[in-house]
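Peer 1: Just dropping this structure here.
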Amino acid sequence: MLSMAETQQVETAGSTTGAQAGKRDRKRTERLARQIRTFADAHGGSAEGQLAHIGRGRTRIALVGADGEWGNLVADTFETAKDAADRAGLALHDDFDGELAAKVRTGRYEWSRMAGIQLGGPANA
């Protein structure tokens with residue numbers, strides 16, 4: 001059985017770890033928000049996006065710039081992704097279809113990857 005002093009030490013150690021984890025999460029969130037803003041600035045000054053769970057608790061942030069260019073970021077948690085999107089001013093869509101998908105501009109690389117050897121791209125395995 002732990003004495004009162006030992007219990008306080010354990011609780012203090014736990015809160016320090018929690019505080020450190022919180023600080024680490026805030027840094028990750030701010031880094032993602034900065035990356036979203038950088039993407040938006042580089043692709044027409046604004047961007048829209050969609051959040052999707054991709055497994056093991058991770059979340060994909062799909063980005064579509066005003067110029068139609070697209071990209072992805074990955075966050076450790078849905079909450080981190082949502083917070084980063086909010087901080088960056090990213091307009092979020094519920095789904096990546098319809099209106100958002102229509103804004104995506106694809107180039108020769110994407111078409112050759114999708115079509116494989118039919119357009120001179122790599123064979124589909």
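So you can find residues: chains in the structure tokens are A, B, ... in the order shown, residues in each start at 1, and ligands are numbered from 1 in order.
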When you look at A:Thr59 with a cut-off of 10 Å (counting only C-alpha atoms), what residues show up, excluding the ones that are within fewer than 4 positions of it in the same chain? I need them as a list of chain:residue names.
Peer 2: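 In the requested form, the answer reads A:Gln50, A:Leu51, A:Ala52, A:His53, A:Ile54, A:Gly55, A:Leu73, A:Val74, A:Ala75, A:Asp76, A:Thr77, A:Phe78, A:Glu79, A:Thr80, A:Ala81, A:Lys82.
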Peer 1: Could you make a table, as a Markdown table, of the residues of stretch 31-63 of chain A that have an atom within 12 Å of an atom of stretch 104-110 of chain A, each with its nearest atom pair and distance in Å to one decimal, counting only C-alpha atoms, in chain and number order?
Peer 2:
| residue | atom | partner | partner_atom | distance |
| --- | --- | --- | --- | --- |
| A:His43 | CA | A:Arg105 | CA | 11.6 |
| A:Ala47 | CA | A:Val104 | CA | 11.1 |
| A:Glu48 | CA | A:Val104 | CA | 10.5 |
| A:Gly49 | CA | A:Val104 | CA | 11.0 |
| A:Ala62 | CA | A:Val104 | CA | 10.9 |
| A:Leu63 | CA | A:Val104 | CA | 9.4 |
Peer 1: Which residue out of A:Ala102, A:Ala66, A:Ala40, A:Ala19 has the minimum interatomic distance to A:Ala88 when only C-alpha atoms are used?
Peer 2: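 Using only C-alpha atoms, A:Ala88 sits closest to A:Ala40.
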Peer 1: Go ahead and compute the interatomic distance for atom CA of A:Gly98 and atom CA of A:Arg31, in Å to one decimal.
Peer 2: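 Between atom CA of A:Gly98 and atom CA of A:Arg31 the gap is 29.4 Å.
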Peer 1: Return as a ChimeraX atom specification the full set of residues in stretch 5-94 of chain A whose backbone-based DSSP assignment is helix (DSSP H, G or I).
Peer 2: /A:5-42,78-88
Peer 1: Can you work out the spacing between atom CA of A:Gly57 and atom CA of A:Ala33 in Å, to one decimal?
Peer 2: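 Value for the atom CA of A:Gly57-atom CA of A:Ala33 distance: 19.0 Å.
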Peer 1: Return the single residue from A:Arg56, A:Leu100, A:Asp83, A:Thr29 that is closest to A:Trp70, with distances computed using only C-alpha atoms.
Peer 2: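 Counting only C-alpha atoms, the residue closest to A:Trp70 is A:Leu100.
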